[in-house]
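Asks: Contents of coords-v8.cif (mmCIF, C-alpha atoms and all ligand atoms):
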```cif
data_my_file
loop_
_atom_site.label_atom_id
_atom_site.label_comp_id
_atom_site.auth_asym_id
_atom_site.auth_seq_id
_atom_site.Cartn_x
_atom_site.Cartn_y
_atom_site.Cartn_z
CA MET L 1 0.00 0.00 0.00
CA LYS L 2 2.67 2.42 1.07
CA LYS L 3 4.86 1.43 -1.88
CA GLU L 4 1.97 2.01 -4.21
CA ILE L 5 1.46 5.51 -2.87
CA LEU L 6 5.14 6.27 -3.18
CA HIS L 7 5.20 4.99 -6.72
CA LYS L 8 2.23 7.11 -7.68
CA VAL L 9 3.71 10.25 -6.25
CA ARG L 10 7.23 9.95 -7.58
CA TYR L 11 6.39 12.02 -10.64
CA PRO L 12 4.62 14.84 -8.74
CA LEU L 13 7.54 14.79 -6.32
CA LEU L 14 9.98 15.46 -9.14
CA LEU L 15 7.70 18.18 -10.42
CA ALA L 16 7.61 19.74 -6.99
CA ALA L 17 11.37 19.60 -6.72
CA ALA L 18 11.69 21.24 -10.11
CA ALA L 19 9.19 23.89 -9.07
CA ILE L 20 11.13 24.65 -5.90
CA LEU L 21 14.33 24.93 -7.89
CA ALA L 22 12.65 27.22 -10.39
CA VAL L 23 11.27 29.44 -7.64
CA TRP L 24 14.69 29.60 -6.07
CA LEU L 25 16.42 30.49 -9.29
CA TRP L 26 13.83 33.17 -9.85
CA THR L 27 14.15 34.70 -6.38
CA ALA L 28 17.91 34.39 -6.56
CA ARG L 29 18.00 36.36 -9.78
CA LYS L 30 15.57 38.92 -8.41
CA SER L 31 17.70 39.77 -5.42
CA ASP L 32 21.01 39.58 -7.22
CA ARG L 33 21.69 43.28 -7.36
CA PRO L 34 24.06 44.30 -10.15
CA VAL L 35 25.94 46.53 -7.72
CA GLU L 36 26.88 43.53 -5.66
CA GLN L 37 28.06 41.67 -8.71
CA ALA L 38 30.38 44.49 -9.67
CA GLU L 39 31.77 44.63 -6.16
CA LEU L 40 32.34 40.93 -5.98
CA LYS L 41 34.31 40.64 -9.21
CA PRO L 42 37.70 41.88 -8.01
CA ARG L 43 37.52 39.59 -5.03
CA GLU L 44 37.70 36.45 -7.06
CA LYS L 45 41.26 35.93 -5.97
CA ILE L 46 42.54 33.09 -3.91
CA TYR L 47 43.03 34.03 -0.30
CA LEU L 48 44.41 32.06 2.58
CA ARG L 49 42.08 31.97 5.55
CA ARG L 50 43.39 32.03 9.06
CA GLU L 51 40.66 31.34 11.53
CA GLY L 52 40.51 32.11 15.20
CA THR L 53 38.15 32.70 18.07
CA PHE L 54 37.95 35.71 20.31
CA ARG L 55 38.87 34.77 23.86
CA PRO L 56 36.76 36.27 26.64
CA GLY L 57 37.64 39.94 27.09
CA GLU L 58 39.92 40.00 24.06
CA THR L 59 39.78 43.17 21.94
CA LEU L 60 39.91 43.45 18.18
CA GLU L 61 43.16 45.36 18.51
CA LYS L 62 44.80 42.60 20.51
CA VAL L 63 43.72 39.91 18.08
CA LEU L 64 44.91 41.84 15.03
CA LEU L 65 48.27 42.72 16.54
CA ARG L 66 48.79 39.10 17.52
CA ASP L 67 47.86 37.76 14.13
CA ILE L 68 49.19 40.30 11.65
CA TYR L 69 52.11 42.00 13.46
CA ASP L 70 51.46 45.28 11.68
CA ARG L 71 50.38 48.26 13.74
CA VAL L 72 49.43 50.47 10.80
CA LEU L 73 47.39 47.81 9.06
CA ALA L 74 45.73 46.78 12.33
CA ASP L 75 44.66 50.38 12.94
CA GLU L 76 43.38 50.65 9.40
CA LEU L 77 41.34 47.46 9.81
CA ILE L 78 39.96 48.58 13.19
CA GLN L 79 38.90 51.96 11.76
CA GLY L 80 37.11 50.30 8.88
CA PHE L 81 35.55 47.70 11.12
CA ALA L 82 34.25 50.31 13.57
CA ARG L 83 32.35 52.03 10.75
CA VAL L 84 29.96 49.07 10.47
CA PHE L 85 30.16 47.36 13.86
CA ASP L 86 30.65 48.49 17.45
CA VAL L 87 33.99 46.94 18.46
CA ARG L 88 32.86 46.88 22.12
CA LYS L 89 30.17 44.40 21.13
CA ILE L 90 32.68 41.75 20.08
CA ARG L 91 32.01 38.66 22.14
CA GLY L 92 34.55 36.25 23.43
CA ASP L 93 33.52 32.97 21.78
CA ARG L 94 32.77 34.23 18.28
CA ARG L 95 35.04 33.35 15.40
CA TYR L 96 36.95 35.53 13.00
CA THR L 97 38.93 35.01 9.81
CA ILE L 98 42.00 36.81 8.50
CA LEU L 99 42.44 36.74 4.74
CA THR L 100 45.94 36.89 3.33
CA ASP L 101 47.48 36.20 -0.05
CA SER L 102 50.14 33.58 -0.59
CA ALA L 103 52.85 36.11 0.29
CA GLY L 104 51.23 36.63 3.66
CA VAL L 105 49.91 40.11 2.87
CA VAL L 106 46.68 40.74 4.74
CA HIS L 107 43.76 41.64 2.49
CA GLY L 108 40.88 41.45 4.88
CA PHE L 109 39.24 40.47 8.08
CA GLU L 110 35.89 38.91 8.92
CA TYR L 111 34.05 38.66 12.18
CA TYR L 112 30.87 36.64 12.75
CA PRO L 113 28.79 38.33 15.48
CA ASP L 114 25.97 35.83 15.04
CA ALA L 115 24.89 33.12 12.64
CA VAL L 116 23.22 35.50 10.20
CA LYS L 117 25.70 38.38 10.07
CA THR L 118 29.26 38.81 8.86
CA VAL L 119 31.32 41.94 9.44
CA ARG L 120 33.79 42.09 6.60
CA VAL L 121 36.64 44.51 5.93
CA LEU L 122 38.27 43.72 2.61
CA ARG L 123 40.70 45.55 0.37
CA ASP L 124 39.05 46.40 -2.93
CA SER L 125 40.74 46.43 -6.37
CA THR L 126 41.98 49.97 -5.79
CA GLY L 127 43.66 48.95 -2.56
CA VAL L 128 41.18 50.68 -0.24
CA LEU L 129 39.80 48.76 2.74
CA GLN L 130 36.02 48.52 2.42
CA PRO L 131 33.97 47.60 5.48
CA GLU L 132 30.54 46.00 5.11
CA LEU L 133 27.98 44.25 7.23
CA VAL L 134 26.81 41.24 5.26
CA GLN L 135 23.54 39.47 6.01
CA VAL L 136 24.08 35.77 5.54
CA PRO L 137 21.23 34.49 3.35
CA LEU L 138 19.12 31.79 4.95
CA ILE L 139 18.66 28.45 3.31
CA LYS L 140 15.20 27.00 3.58
CA ARG L 141 15.09 23.25 4.01
CA THR L 142 12.06 20.99 4.09
CA LEU L 143 12.12 18.44 6.87
CA ALA L 144 9.81 15.75 8.09
CA LEU L 145 9.39 13.79 11.25
CA THR L 146 7.09 11.28 12.87
CA GLY L 147 6.71 10.13 16.43
CA GLU L 148 4.47 8.53 18.94
CA VAL L 149 2.89 10.06 22.02
CA ARG L 150 4.17 8.32 25.18
CA THR L 151 3.07 10.97 27.64
CA THR L 152 2.18 14.16 25.79
CA LEU L 153 2.71 15.52 22.30
CA TYR L 154 4.92 18.15 23.89
CA ASP L 155 7.22 15.55 25.47
CA ALA L 156 7.33 13.49 22.30
CA VAL L 157 8.41 16.39 20.09
CA LYS L 158 10.82 17.68 22.71
CA ALA L 159 12.42 14.26 23.02
CA MET L 160 13.26 14.48 19.31
CA GLY L 161 15.28 17.58 19.96
CA GLU L 162 12.73 19.95 18.46
CA SER L 163 11.45 22.99 20.27
CA ASP L 164 8.27 24.57 21.58
CA GLU L 165 7.74 26.64 18.45
CA LEU L 166 7.38 23.56 16.30
CA ILE L 167 4.93 21.99 18.76
CA ALA L 168 2.89 25.19 18.78
CA ALA L 169 2.91 25.40 15.00
CA PHE L 170 1.82 21.79 14.67
CA SER L 171 -0.96 22.02 17.25
CA ASP L 172 -2.22 25.17 15.51
CA LEU L 173 -3.12 23.04 12.50
CA PHE L 174 -5.67 21.12 14.52
CA GLN L 175 -6.61 23.83 17.00
CA TRP L 176 -10.31 23.59 16.21
CA ASP L 177 -10.44 19.80 16.36
CA ILE L 178 -7.97 18.52 18.91
CA ASP L 179 -7.35 19.86 22.39
CA PHE L 180 -3.73 18.86 22.83
CA PHE L 181 -3.99 19.26 26.57
CA VAL L 182 -6.80 16.74 26.88
CA ASP L 183 -7.27 14.57 23.83
CA PRO L 184 -3.92 12.87 23.11
CA ARG L 185 -3.61 9.29 24.24
CA VAL L 186 -0.63 7.03 24.62
CA GLY L 187 0.12 5.48 21.26
CA ASP L 188 -1.18 8.39 19.19
CA GLU L 189 1.00 9.06 16.18
CA PHE L 190 1.93 12.38 14.66
CA ARG L 191 3.63 13.23 11.42
CA MET L 192 4.65 16.55 9.99
CA VAL L 193 6.47 18.13 7.09
CA TYR L 194 7.89 21.52 7.91
CA GLU L 195 10.32 24.16 6.79
CA ALA L 196 13.36 25.28 8.69
CA GLU L 197 15.84 28.02 7.84
CA TYR L 198 19.58 27.62 8.18
CA ALA L 199 22.41 30.09 7.82
CA LEU L 200 25.46 28.95 5.94
CA ASP L 201 28.50 29.55 8.08
CA PRO L 202 30.65 31.95 5.98
CA SER L 203 33.80 30.68 7.65
CA ARG L 204 32.79 27.09 6.93
CA PRO L 205 31.15 27.06 3.53
CA ASP L 206 31.09 23.27 3.44
CA SER L 207 28.97 22.86 6.55
CA LEU L 208 25.19 22.52 6.48
CA GLY L 209 24.87 25.70 8.47
CA GLU L 210 23.28 26.65 11.72
CA PHE L 211 19.57 26.24 12.45
CA ILE L 212 18.01 29.69 12.70
CA ARG L 213 14.25 29.23 12.86
CA TYR L 214 11.31 27.13 11.80
CA GLY L 215 9.30 28.12 8.80
CA ARG L 216 5.84 26.90 8.03
CA VAL L 217 4.39 23.48 8.80
CA LEU L 218 3.47 22.29 5.31
CA SER L 219 1.40 19.33 6.42
CA GLY L 220 0.51 17.47 9.56
CA GLN L 221 -1.15 14.24 10.43
CA TYR L 222 -2.49 13.07 13.76
CA ARG L 223 -3.64 9.50 14.29
CA SER L 224 -5.56 8.65 17.43
CA GLY L 225 -6.88 5.10 17.35
CA SER L 226 -8.63 4.74 14.01
CA ALA L 227 -9.19 8.47 13.59
CA VAL L 228 -6.67 10.15 11.29
CA ARG L 229 -6.66 13.85 10.65
CA THR L 230 -4.52 15.33 7.92
CA ALA L 231 -4.02 19.05 7.42
CA LEU L 232 -2.33 20.41 4.30
CA TYR L 233 -1.07 23.91 3.73
CA PHE L 234 -2.25 25.35 0.44
CA GLU L 235 -1.70 28.82 -0.93
CA GLN L 236 -4.02 30.71 -3.24
CA GLY L 237 -2.46 33.94 -4.32
CA GLU L 238 -1.32 35.80 -1.25
CA ARG L 239 -3.42 33.79 1.13
CA GLY L 240 -2.71 30.37 2.52
CA GLY L 241 -4.51 28.09 4.88
CA TYR L 242 -4.87 24.52 6.07
CA TYR L 243 -7.22 22.10 4.39
CA ASP L 244 -8.27 18.52 4.91
CA LEU L 245 -7.80 15.87 2.23
CA GLU L 246 -11.06 16.82 0.54
CA GLY L 247 -10.05 20.47 0.38
CA LYS L 248 -12.27 21.66 3.22
CA SER L 249 -10.82 24.38 5.39
CA PHE L 250 -9.55 23.46 8.84
CA GLN L 251 -10.57 26.86 10.06
CA LYS L 252 -13.73 26.25 12.06
CA THR L 253 -16.09 28.81 13.42
CA PHE L 254 -18.28 29.49 16.36
CA LEU L 255 -21.98 29.71 15.64
CA LYS L 256 -23.09 33.32 15.34
CA SER L 257 -25.68 32.59 18.00
CA PRO L 258 -26.27 29.35 19.89
CA LEU L 259 -30.07 29.40 19.47
CA ASN L 260 -32.97 30.63 17.36
CA TYR L 261 -33.77 33.90 19.08
CA ARG L 262 -36.35 36.61 18.60
CA ARG L 263 -34.27 39.60 19.46
CA ILE L 264 -31.27 40.76 21.42
CA SER L 265 -32.42 42.52 24.58
CA SER L 266 -29.02 43.47 25.86
CA HIS L 267 -25.75 43.87 24.07
CA PHE L 268 -22.21 43.42 25.32
CA SER L 269 -21.10 46.55 27.16
CA GLY L 270 -18.53 47.71 29.63
CA GLY L 271 -21.21 49.44 31.78
CA ARG L 272 -25.04 49.38 31.76
CA ARG L 273 -27.80 49.85 34.28
CA HIS L 274 -28.84 46.42 35.49
CA PRO L 275 -32.65 46.07 35.08
CA ILE L 276 -33.14 44.32 38.44
CA LEU L 277 -30.22 45.51 40.54
CA LYS L 278 -30.70 49.14 39.28
CA ILE L 279 -26.97 49.68 39.40
CA VAL L 280 -24.51 50.28 36.62
CA ARG L 281 -22.42 47.26 35.96
CA PRO L 282 -20.81 45.81 32.87
CA HIS L 283 -22.77 43.32 30.81
CA LEU L 284 -20.11 41.00 29.54
CA GLY L 285 -22.33 38.92 27.34
CA VAL L 286 -25.28 39.11 24.99
CA ASP L 287 -28.92 38.49 25.99
CA PHE L 288 -30.90 36.63 23.36
CA VAL L 289 -34.66 36.72 23.95
CA ALA L 290 -36.46 33.52 23.01
CA ALA L 291 -39.46 31.48 24.17
CA GLU L 292 -38.98 29.44 27.31
CA GLY L 293 -37.77 25.98 26.35
CA THR L 294 -36.03 27.02 23.11
CA PRO L 295 -33.05 24.66 22.64
CA VAL L 296 -29.61 26.18 23.21
CA VAL L 297 -26.75 24.52 21.36
CA ALA L 298 -22.97 24.40 21.80
CA ALA L 299 -21.36 27.16 19.74
CA ALA L 300 -18.42 24.88 18.86
CA ASP L 301 -16.90 21.53 19.83
CA GLY L 302 -15.64 21.32 23.39
CA VAL L 303 -15.97 19.91 26.88
CA VAL L 304 -18.43 20.94 29.60
CA ILE L 305 -16.23 22.18 32.43
CA GLU L 306 -18.89 23.78 34.67
CA LYS L 307 -22.54 23.03 35.27
CA GLY L 308 -24.39 24.63 38.13
CA TYR L 309 -26.84 27.07 39.58
CA GLU L 310 -26.07 30.65 40.54
CA GLY L 311 -29.09 32.17 42.34
CA GLY L 312 -27.84 35.75 42.28
CA GLY L 313 -26.85 35.76 38.65
CA LEU L 314 -26.75 33.20 35.89
CA GLY L 315 -29.22 30.70 37.36
CA ASN L 316 -28.74 27.36 35.66
CA PHE L 317 -25.65 27.67 33.57
CA ILE L 318 -22.94 25.67 31.84
CA ARG L 319 -19.45 26.58 30.72
CA ILE L 320 -17.82 24.88 27.76
CA ARG L 321 -14.11 24.94 27.10
CA HIS L 322 -13.55 24.56 23.41
CA LYS L 323 -11.14 22.34 21.53
CA ASN L 324 -9.07 25.39 20.97
CA PRO L 325 -8.49 26.02 24.68
CA ARG L 326 -8.14 29.73 24.08
CA PHE L 327 -11.92 29.93 23.93
CA ALA L 328 -14.73 29.20 26.40
CA THR L 329 -18.46 29.94 26.26
CA VAL L 330 -21.04 30.28 29.05
CA TYR L 331 -24.81 29.82 28.73
CA GLY L 332 -27.01 31.21 31.53
CA HIS L 333 -30.60 31.47 32.84
CA LEU L 334 -31.35 27.99 31.44
CA SER L 335 -34.62 26.30 32.39
CA GLY L 336 -32.93 22.93 32.08
CA PHE L 337 -29.93 21.11 30.63
CA GLY L 338 -29.60 19.11 27.45
CA PRO L 339 -29.57 15.30 27.50
CA GLY L 340 -26.40 13.86 29.01
CA ILE L 341 -24.95 17.27 29.88
CA ALA L 342 -22.52 16.78 32.77
CA ILE L 343 -19.13 18.11 33.77
CA GLY L 344 -16.47 16.40 31.65
CA GLN L 345 -18.94 15.64 28.86
CA SER L 346 -17.68 16.28 25.33
CA VAL L 347 -20.04 18.21 23.13
CA GLN L 348 -20.03 18.92 19.45
CA GLN L 349 -21.10 22.06 17.71
CA ARG L 350 -24.94 22.19 17.61
CA ASP L 351 -25.43 19.62 20.39
CA VAL L 352 -28.28 20.77 22.64
CA VAL L 353 -26.74 21.83 25.93
CA GLY L 354 -29.81 23.39 27.57
CA TYR L 355 -33.09 25.24 27.16
CA VAL L 356 -33.96 28.91 27.43
CA GLY L 357 -35.36 29.86 30.82
CA ARG L 358 -35.42 32.65 33.38
CA THR L 359 -33.53 31.14 36.31
CA GLY L 360 -31.28 33.42 38.35
CA LEU L 361 -31.49 37.18 37.88
CA ALA L 362 -33.66 37.45 34.76
CA THR L 363 -36.72 39.57 33.99
CA GLY L 364 -37.95 37.22 31.29
CA PRO L 365 -36.88 34.12 29.39
CA HIS L 366 -33.62 34.74 27.59
CA LEU L 367 -30.19 33.25 27.12
CA HIS L 368 -27.25 35.08 28.62
CA TYR L 369 -24.36 34.10 26.40
CA CYS L 370 -20.71 34.88 27.21
CA PHE L 371 -17.66 34.31 25.10
CA TYR L 372 -14.19 34.20 26.61
CA GLU L 373 -10.90 34.45 24.82
CA ASN L 374 -7.85 33.71 26.98
CA GLY L 375 -10.09 34.09 30.03
CA ARG L 376 -11.26 37.58 29.06
CA PRO L 377 -14.88 38.25 28.09
CA VAL L 378 -15.21 39.47 24.51
CA ASN L 379 -18.27 40.44 22.53
CA PRO L 380 -19.50 37.24 20.84
CA LEU L 381 -21.09 39.28 18.06
CA LYS L 382 -17.79 40.93 17.24
CA ILE L 383 -15.44 37.97 17.15
CA LYS L 384 -13.64 37.44 13.89
CA ASN L 385 -15.40 34.36 12.80
CA SER L 386 -14.74 33.63 9.19
CA SER L 387 -14.95 30.01 8.31
CA GLY L 388 -12.40 29.20 5.66
CA ASP L 389 -13.88 28.53 2.26
CA PRO L 390 -13.20 25.16 0.66
CA ILE L 391 -10.78 24.92 -2.26
CA PRO L 392 -12.58 26.31 -5.31
CA ALA L 393 -13.13 23.94 -8.23
CA GLY L 394 -10.62 25.81 -10.39
CA GLU L 395 -7.81 25.18 -7.88
CA MET L 396 -8.68 21.56 -7.18
CA GLU L 397 -6.18 20.03 -9.60
CA ARG L 398 -3.32 22.01 -8.13
CA PHE L 399 -4.51 21.15 -4.63
CA LYS L 400 -4.50 17.44 -5.52
CA GLY L 401 -0.89 17.74 -6.63
CA VAL L 402 0.10 19.29 -3.33
CA ARG L 403 -1.91 16.66 -1.50
CA GLU L 404 -0.18 13.73 -3.21
CA GLU L 405 3.23 15.23 -2.63
CA GLN L 406 2.59 15.94 1.03
CA LEU L 407 1.01 12.55 1.70
CA ALA L 408 4.09 10.85 0.29
CA LEU L 409 6.36 12.98 2.45
CA LEU L 410 4.25 12.31 5.53
CA ALA L 411 4.24 8.57 4.85
CA ALA L 412 8.03 8.55 4.49
CA ALA L 413 8.68 10.80 7.50
CA PRO L 414 11.64 9.63 9.56
CA ARG L 415 11.77 9.30 13.32
CA ARG L 416 13.78 12.48 13.62
CA GLY L 417 13.54 15.79 11.88
CA GLU L 418 15.49 15.03 8.73
CA GLU L 419 15.75 16.77 5.47
CA VAL L 420 13.27 15.33 3.06
CA PRO L 421 15.01 13.51 0.22
CA GLY L 422 14.11 14.78 -3.20
CA VAL L 423 13.16 18.26 -2.04
CA ILE L 424 15.75 20.68 -3.27
CA ALA L 425 16.55 23.55 -0.99
CA GLY L 426 18.36 26.36 -2.73
CA THR L 427 21.19 28.36 -1.34
CA GLY L 428 20.82 32.08 -1.29
CA PRO L 429 22.04 34.41 -4.02
CA GLY L 430 25.61 35.59 -4.27
CA HIS L 431 26.26 33.94 -1.02
CA MET L 432 29.73 32.54 -0.91
CA ALA L 433 31.30 35.59 -2.39
CA MET L 434 34.25 35.21 -0.08
CA PRO L 435 36.83 33.11 -1.85
CA ARG L 436 38.35 30.25 -0.04
CA LEU L 437 41.38 28.06 -0.42
ZN ZN I 501 -27.35 38.92 30.28
#
```
Would you put the structure from the file into structure tokens?
Replies:
Amino acid sequence: MKKEILHKVRYPLLLAAAAILAVWLWTARKSDRPVEQAELKPREKIYLRREGTFRPGETLEKVLLRDIYDRVLADELIQGFARVFDVRKIRGDRRYTILTDSAGVVHGFEYYPDAVKTVRVLRDSTGVLQPELVQVPLIKRTLALTGEVRTTLYDAVKAMGESDELIAAFSDLFQWDIDFFVDPRVGDEFRMVYEAEYALDPSRPDSLGEFIRYGRVLSGQYRSGSAVRTALYFEQGERGGYYDLEGKSFQKTFLKSPLNYRRISSHFSGGRRHPILKIVRPHLGVDFVAAEGTPVVAAADGVVIEKGYEGGGLGNFIRIRHKNPRFATVYGHLSGFGPGIAIGQSVQQRDVVGYVGRTGLATGPHLHYCFYENGRPVNPLKIKNSSGDPIPAGEMERFKGVREEQLALLAAAPRRGEEVPGVIAGTGPGHMAMPRL
């Protein structure tokens, strides 16, 4: 089965690789400024590189005097250097390189303050020392990994040497469907294909470079028992989003209102005169007027975390924490609860959780509905609540290509984050300008 899939997708995989290469070549050409080219030409000489590392507390002056024995040249280099980088910010543990010709004449100096920057002072064709701060281009690689949940998803990903950001990015894919604090079970399996950016080490052009940051998660799969969810990243023009295998958006929404109501009797406000208490206090929800007994439904999938009675306020109420644990909703003044509603009970969007009533502080039958984001009440009528549209018919063929490619990569994901074979990651433009022996 797996072999069959792999066989089927080999061709699209090659296409994808070619596409990535093409995109790289295109972006490389775009950012290849002619000015740079002209500057780089005279430097195509062979230099000898002498590498070293700043010791703690060591100054640029001390290093240069030790390595080049020439006071005048050292001063010249320091002056140039200081024009693009604060010499006091040199750290004792960072490397540097001295460039000389075969006769031992010093032509330049490089210092690497961090993985993405190079401070370079180099003699140009006219013999003048030119300082510059060079941004090391990042190389984007596509990686994949798979693992099994032993305790939590967090522990599993951490144990592979990956960091919090990747876990957060992966759990974002399924934020509307899986509560990663509650749902994962021992034996669950996850797979992901993701991008990571590396900086080529200018002093070690042969190395793979240093990991800088994660890019986008291109696809993710979560298997819990027989349930498998797959999310694929797909871009249409400027906008991208995650879709399931059929091309339906993973972006879920809260219902605009959790019942069929007649009217809104009270809007969300920071301060209003309470009709019974006759005092000004904030109304941190929306009151929907409806006939007693009107069914009230869950606004989105979640778990009932509170069910109770509050005589001086909400009356019969329930609180649902949603799959995306950032959000919770509260339903108050209920005349009764829906079938099977109990603390710890999972509910799905549109499950009946209760019925409109007038329990607690209520002048007439209505639903008091509150929406919390990160524990803070927000106006449920104002939340950004756009359900993602499915892939349009005209994009379906392209989507299928991406789907086949990603499924193959997911299926072949290794047990550690490894670069995906067959996916070509390009190196940045004009990168290794510095010649090397
Ligand atoms: Zn209310």
Asks: Name the closest residue to Thr118 of chain L among the candidates L:Ile139, L:Leu77, L:Leu381, L:Leu200; distances are taken between atoms, counting only C-alpha atoms.
Replies: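 Nearest candidate to Thr118 of chain L out of L:Ile139, L:Leu77, L:Leu381, L:Leu200: L:Leu200.
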Asks: Residues within 6 Å of ligand ZN 501 (chain I) should be enumerated using only C-alpha atoms and all ligand atoms and returned as a PyMOL selection string.
Replies: chain L and resi 285-287+368
Asks: Taking all atoms listed in the file into account, which of L:Arg415, L:Arg216, L:His366, L:Lys117 comes nearest Glu148 of chain L?
Replies: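 Closest to Glu148 of chain L of all the choices is L:Arg415.
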Asks: Which residues, written as a PyMOL selection string, have at least one atom at most 8 Å from segment 325-331 of chain L, with only C-alpha atoms counted and residues fewer than 6 positions away on the same chain left out?
Replies: chain L and resi 179+299+317-319+367-375
Asks: If we count all atoms listed in the file, what is near Val402 of chain L at a cut-off of 9 Å, once residues fewer than 3 positions away on the same chain are taken out, given as a short mmCIF file (atom, residue, chain, number, x, y, z; two decimals) with C-alpha atoms, keeping the file's coordinate frame?
Replies:
```
data_model
loop_
_atom_site.label_atom_id
_atom_site.label_comp_id
_atom_site.auth_asym_id
_atom_site.auth_seq_id
_atom_site.Cartn_x
_atom_site.Cartn_y
_atom_site.Cartn_z
CA PRO L 12 4.62 14.84 -8.74
CA ALA L 16 7.61 19.74 -6.99
CA LEU L 232 -2.33 20.41 4.30
CA TYR L 233 -1.07 23.91 3.73
CA PHE L 234 -2.25 25.35 0.44
CA GLU L 397 -6.18 20.03 -9.60
CA ARG L 398 -3.32 22.01 -8.13
CA PHE L 399 -4.51 21.15 -4.63
CA GLU L 405 3.23 15.23 -2.63
CA GLN L 406 2.59 15.94 1.03
CA LEU L 407 1.01 12.55 1.70
#
```
Asks: Find the residues near segment 410-412 of chain L: any atom within 8 Å, counting only C-alpha atoms, skip ones fewer than 6 places away on the same chain, and give them as a list in words.
Replies: Lys2, Ala144, Leu145, Thr146, Arg191, Met192, Val193, Ser219, Gly220 and Gln221 of chain L
Asks: Please complete segment 117-129 of chain L with N, CA and C atoms and give it back as a compact mmCIF listing (two decimals), in the coordinates of the input.
Replies:
```
# COMPACT_ATOMS: atom_id res chain seq x y z
N LYS L 117 24.98 37.16 10.46
CA LYS L 117 25.70 38.38 10.07
C LYS L 117 27.21 38.12 9.93
N THR L 118 27.80 38.82 8.99
CA THR L 118 29.26 38.81 8.86
C THR L 118 29.73 40.26 8.76
N VAL L 119 30.69 40.63 9.59
CA VAL L 119 31.32 41.94 9.44
C VAL L 119 32.58 41.69 8.63
N ARG L 120 32.68 42.38 7.50
CA ARG L 120 33.79 42.09 6.60
C ARG L 120 34.52 43.39 6.26
N VAL L 121 35.82 43.38 6.39
CA VAL L 121 36.64 44.51 5.93
C VAL L 121 37.61 43.92 4.92
N LEU L 122 37.49 44.35 3.68
CA LEU L 122 38.27 43.72 2.61
C LEU L 122 38.84 44.79 1.67
N ARG L 123 40.07 44.59 1.27
CA ARG L 123 40.70 45.55 0.37
C ARG L 123 40.11 45.39 -1.02
N ASP L 124 39.64 46.50 -1.59
CA ASP L 124 39.05 46.40 -2.93
C ASP L 124 40.15 46.50 -3.99
N SER L 125 39.76 46.50 -5.28
CA SER L 125 40.74 46.43 -6.37
C SER L 125 41.64 47.66 -6.40
N THR L 126 41.15 48.77 -5.79
CA THR L 126 41.98 49.97 -5.79
C THR L 126 42.86 50.04 -4.56
N GLY L 127 42.79 49.00 -3.72
CA GLY L 127 43.66 48.95 -2.56
C GLY L 127 43.07 49.57 -1.31
N VAL L 128 41.81 50.04 -1.40
CA VAL L 128 41.18 50.68 -0.24
C VAL L 128 40.40 49.63 0.57
N LEU L 129 40.53 49.70 1.89
CA LEU L 129 39.80 48.76 2.74
C LEU L 129 38.32 49.15 2.79
```
